[in-house]
Amino acid sequence: MIHLSFLRQLINYLQTSLIPNRPFLRLRLADVSLYFCGLAWISFWTTVIDSFFSQKNIPIVVWFILHFTFITIAVLLYLLFMAYLTKGFVRLLLPRPWAYRQTFPYTVATNLWTFPFGMLLYQLGHHQIGVALLIIGHLIYTLVPLWIARSSKPRSSRKPQ
């Protein structure tokens with residue numbers, strides 16, 4: 001029963017992260033296991049994409065495991081850097097800043113879809129477009145929900161005179 005509940009949460013996490021909107025902001029409060037699954041999702045699809053384009057001199061299973069491990073570490077470092085960038089955007093756009101423990105899951109969610117697609121375009125020979133999708137995709141998925149949250153808050157601080 002617990003596994004079914006986790007699977008439902010994971011599917012909800014993937015579906016919610018598909019379109020950057022106001023409910024997307026809830027992903028910052030995701031369970032730790034969900035954003036580690038998100039990291040595994042990004043690493044898995046990047047490894048699958050790379051497996052079609054990279055020349056392998058070792059058995060595919062060994063190559064897949066080693067490549068997956070390397071990609072996971074590289075993606076984790078990329079996400080750590082982007083999480084600090086996201087934390088800066090949160091400070092600029094929202095009245096109350098988030099703790100880093102909330103910024104990192106949000107950053108993972110912002111890259112669930114754009115990172116594998118950016119890597120696919122990069123491997124297909126569209127290097128500038130692939131890198132642009134990585135960066136611009138992250139910015140769109142980060143900023144759109146934050147901007148929506150900022151603009152939809154009622155301004156109660158103004159008192160009529």
# chains A, B, ... in the order shown; residues from 1 in each chain; ligands from 1
>>> residues_around(residues="segment 117-129 of chain A", least_positions_apart="6", cutoff="10 Å", atoms="only C-alpha atoms", output="count of residues only")
14
>>> select_by_dssp(residues="segment 34-139 of chain A", states="alpha helix (DSSP H)", output="count of residues only")
89
>>> residues_around(residues="Leu94 of chain A", least_positions_apart="3", cutoff="8 Å", atoms="only C-alpha atoms", output="list in words")
Val90, Arg91, Pro97, Leu146, Ala149 and Arg150 of chain A
>>> atom_distance(atom1="atom CA of Pro105 of chain A", atom2="atom CA of Ala132 of chain A")
22.0 Å
>>> closest_residue(among="A:Gln9, A:Gln15, A:Gln55, A:Thr69", to="Ser33 of chain A", atoms="only C-alpha atoms")
A:Gln9
>>> closest_atom_pairs(of="segment 91-159 of chain A", to="segment 73-85 of chain A", cutoff="9 Å", atoms="only C-alpha atoms", output="JSON lines")
{"residue": "A:Tyr100", "atom": "CA", "partner": "A:Ala83", "partner_atom": "CA", "distance": 7.8}
{"residue": "A:Thr103", "atom": "CA", "partner": "A:Ala83", "partner_atom": "CA", "distance": 6.0}
{"residue": "A:Phe104", "atom": "CA", "partner": "A:Ala83", "partner_atom": "CA", "distance": 5.3}
{"residue": "A:Pro105", "atom": "CA", "partner": "A:Ala83", "partner_atom": "CA", "distance": 8.6}
{"residue": "A:Tyr106", "atom": "CA", "partner": "A:Ala83", "partner_atom": "CA", "distance": 8.0}
{"residue": "A:Thr107", "atom": "CA", "partner": "A:Ala83", "partner_atom": "CA", "distance": 5.5}
{"residue": "A:Val108", "atom": "CA", "partner": "A:Leu79", "partner_atom": "CA", "distance": 6.6}
{"residue": "A:Asn111", "atom": "CA", "partner": "A:Leu79", "partner_atom": "CA", "distance": 8.3}
{"residue": "A:His138", "atom": "CA", "partner": "A:Met82", "partner_atom": "CA", "distance": 8.3}
>>> atom_distance(atom1="atom CA of Gly88 of chain A", atom2="atom CA of Asp31 of chain A")
22.6 Å
>>> residues_around(residues="Val32 of chain A", least_positions_apart="3", cutoff="12 Å", atoms="only C-alpha atoms", output="PyMOL selection string")
chain A and resi 6+9-10+13+27-29+35-39+101-102+104-106+108
>>> closest_residue(among="A:Tyr141, A:Trp147, A:Phe70, A:Phe24", to="Phe115 of chain A", atoms="only C-alpha atoms")
A:Tyr141
>>> atom_distance(atom1="atom CA of Thr110 of chain A", atom2="atom CA of Ile140 of chain A")
8.4 Å
